[in-house]
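Reading through the structure tokens given below for one structure.
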Amino acid sequence: MNDQKLSISGQEALPPLSIESWQHRHVLDLDDFTRDEINLVFEIAEAMSEVIARDVKKVPTLRGKTIATMFFEPSTRTRSSFELAAKYLSADTVSLDSVKSSVAKGESLIDSLRTLQALGVDTIVMRHPCSGAPYIAAQNLETSIINAGDGCHAHPSQSLLDMYTLRRHLGDLNDIKVVIVGDITHSRVARSNIWGTKALGIKLTICAPPTLLPHGLQAMLNKCGLDHVTVEHDLDVAIRDADAVMSLRLQKERQQSGLVSSIREYIHLYQLTTQRLALARPGAIVMHPGPMNEGIEISREVAYSSQSLIEEQVTNGVAIRMALLYLITGGKIR
Amino acid sequence: MPEKVLLNSADIERALVRVAHEIVERNKGASNIVFVGIKTRGVPLAQRLAKIILDMEKVDAPVGSLDITLYRDDVSSLSFKHVVQQSNVPFDISNRHVILVDDVFYTGRSIRAALDALMDLGRAETIQLAVLIDRGHRELPIRADFVGKNIPTARNEEIKVYISEVDAVDKVTVRKPGAGGGEEHE
């Protein structure tokens with residue numbers, strides 16, 4: 001008898017998760033996700049990771065279902081990640097490009113979505129520059145909506161893949177310390193991660209110059225009971241004892257709009273460098289939601305170091321989106 | 001009707017020993033055999049068969065576990081969803097004799113799903129089905145190669161297999177409907 005340990009029930013360390021803990025018809029943000037729901041997504045993503053690692057990356061689970069991606073903003077990784085996830089599950093995909101579709105002819109958002117619904121689409125994955133757009137869609141349609149990024153508001157699948165990546169390397173995430181550094185004001189990834197880390201009991205430090213933090217952030221954190229979040233302007237202080245550091249892209253337009261006095265100063269104070277990373281826990285994890293500006297918010301050495309999981313985040317994103325599509329599109333709960 | 005015990009621990013062990021012998025006999029030895037258990041209770045049953053064959057033939061047959069949720073025919077067409085668990089078949093099944101192991105053989109739909117899952121993992125030389133209990137009522141043209149115990153049942157009866165690795169006890173029970181409790185798994 002060979003000695004390999006086969007787990008009988010999947011994740012031995014965790015209590016068994018029940019599909020009944022899943023309560024969502026849409027995925028709009030993580031503010032209404034429980035810890036059990038997030039862990040359920042992770043457990044199913046583990047199974048999906050196994051499928052992605054196969055030679056034949058295809059399972060028949062969502063055969064006959066149709067998933068539409070509707071992106072009103074440019075995107076490479078999120079869109080292709082959702083489309084691959086749908087294809088690996090054997091769903092059919094249709095993608096609407098705002099430039100080439102009737103949106104360019106002046107059709108309203110709701111009418112475009114209704115058209116997709118009338119065409120028989122089961123789930124719509126949408127990205128929109130206006131915060132809240134997917135909520136309007138969810139209120140007006142029967143079809144399930146997955147938010148793939150709305151304005152500066154939320155990007156739930158990105159946050160799930162960030163935390164899934166952490167979990168695959170660190171195991172239990174309770175009480176670990178994560179730092180998010182960069183342009184918090186304009187970051188939907190940071191906002192969704194604030195909710196996701198709260199659900200999982202992660203201690204989160206948000207680090208940015210005051211000009212790149214939203215107005216009234218502390219008041220908002222207090223009001224929403226987000227006491228797991230610490231705000232810190234000095235990255236050298238924030239990064240101390242961190243288990244993971246996530247760097248966010250600095251859009252170069254921010255300098256023209258006066259939020260950063262100079263890119264060089266930003267690099268000096270906020271770039272994630274090897275020296276700064278040495279202040280974190282040994283072997284601390286480096287993440288970035290992409291796209292990266294190498295040499296601005298993150299140094300090349302750090303981005304490609306052995307501590308960097310930036311590429312793995314992309315791979316894990318497909319598994320997470322497969323899990324979400326399965327949970328949203330694949331049948332009802334008994 | 002209260003739960004009635006059909007097989008106890010010793011009965012299960014004897015059935016598995018006989019099935020293990022049949023597997024070795026049918027395949028003229030155990031050198032090219034691999035086991036794949038269907039989650040949840042097919043996995044410990046597969047491990048026990050492999051252990052018996054190790055003691056008998058001194059051949060260490062690998063054991064994998066298969067979760068068939070992604071291949072079920074009720075995910076999109078009917079309406080029930082299950083937690084997907086990870087499959088773990090850490091060896092190549094190509095050109096091997098794969099012994100697929102499950103606890104209860106009923107409609108055949110789980111086996112259909114498992115066959116599709118195995119096809120995606122490689123081209124096995126043969127796939128053979130070993131089950132602890134065959135309770136009849138097939139809905140698909142699938143048969144078992146090795147059966148621990150044939151138990152003719154009515155459709156509304158519940159057969160439950162307890163395996164100590166999962167349930168802390170070894171036994172097989174039958175229960176009429178309305179007796180409460182008990183979840184059937186096929």
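Here, A, B, ... name the chains of the structure tokens in the order displayed, residue numbers run from 1 inside each chain, and ligands are numbered from 1 in the same displayed order.
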
Please determine the contact residues of chain B with respect to chain A at a cut-off of 10 Å, counting only C-alpha atoms, and supply them as a ChimeraX atom specification.
/B:39-44,47-55,58-65,67,69-90,113,116-117,119-122,165-166

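Here the DSSP assignment of helix (DSSP H, G or I), based on backbone atoms, applies within stretch 286-326 of chain A to Arg300, Glu301, Val302, Ala303, Ile310, Glu311, Glu312, Gln313, Val314, Thr315, Asn316, Gly317, Val318, Ala319, Ile320, Arg321, Met322, Ala323, Leu324, Leu325 and Tyr326 of chain A.
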
Near-A:Arg240 list (8 Å; only C-alpha atoms; drop same-chain fewer than 5 positions) as number ranges by chain:
A: 279-281

Which parts of stretch 58-164 of chain B does DSSP call strand (DSSP E or B) when run on the backbone here, written out as number ranges by chain?
B: 63-66, 80, 88, 97-105, 126-134, 146-150, 158-162

Name the residues in contact with A:Arg77 at a cut-off of 9 Å, using only C-alpha atoms, excluding same-chain residues fewer than 6 positions from it; report them as number ranges by chain.
A: 290-291, 314, 317

Take the residues that were just selected and, keeping C-alpha atoms, output them as a PDB file, in the first residue's frame.
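Final output, again-v2.pdb:
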```pdb
ATOM      1  CA  GLY A 290      -1.924  44.119 -12.206  1.00  0.00           C
ATOM      2  CA  PRO A 291      -1.243  45.720 -14.529  1.00  0.00           C
ATOM      3  CA  VAL A 314      -3.461  35.257 -12.397  1.00  0.00           C
ATOM      4  CA  GLY A 317      -7.995  33.968 -10.721  1.00  0.00           C
TER       5      GLY A 317
END
```

Atomic separation - atom CA of B:Ile127 relative to atom CA of B:Lys171, Å
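About the pair atom CA of B:Lys171 and atom CA of B:Ile127: they are 27.1 Å apart.
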
Select, from B:Leu118, B:Val5, B:Leu132, B:Ile93, the residue with the minimum atom-to-atom distance to B:Tyr106, counting only C-alpha atoms.
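The closest residue to B:Tyr106 is B:Leu132.
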
When you draw a straight line from atom CA of B:Glu158 to atom CA of B:Leu7, how long is it in Å?
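Those two atoms sit 14.3 Å apart.
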
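Taking atom CA of B:Val174 and atom CA of B:Val19 as endpoints, the distance between them is 21.9 Å.
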
Proximity to A:Glu301 - best of A:Gln275, A:Thr66, A:Asn140, A:Thr315, only C-alpha atoms:
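Selected residue with least distance to A:Glu301: A:Gln275.
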
Among listed residues A:Asn174, A:Gln117, A:Ser157, A:Thr205, nearest A:Ser81 (using only C-alpha atoms):
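Under the stated criterion, the closest residue is A:Ser157.
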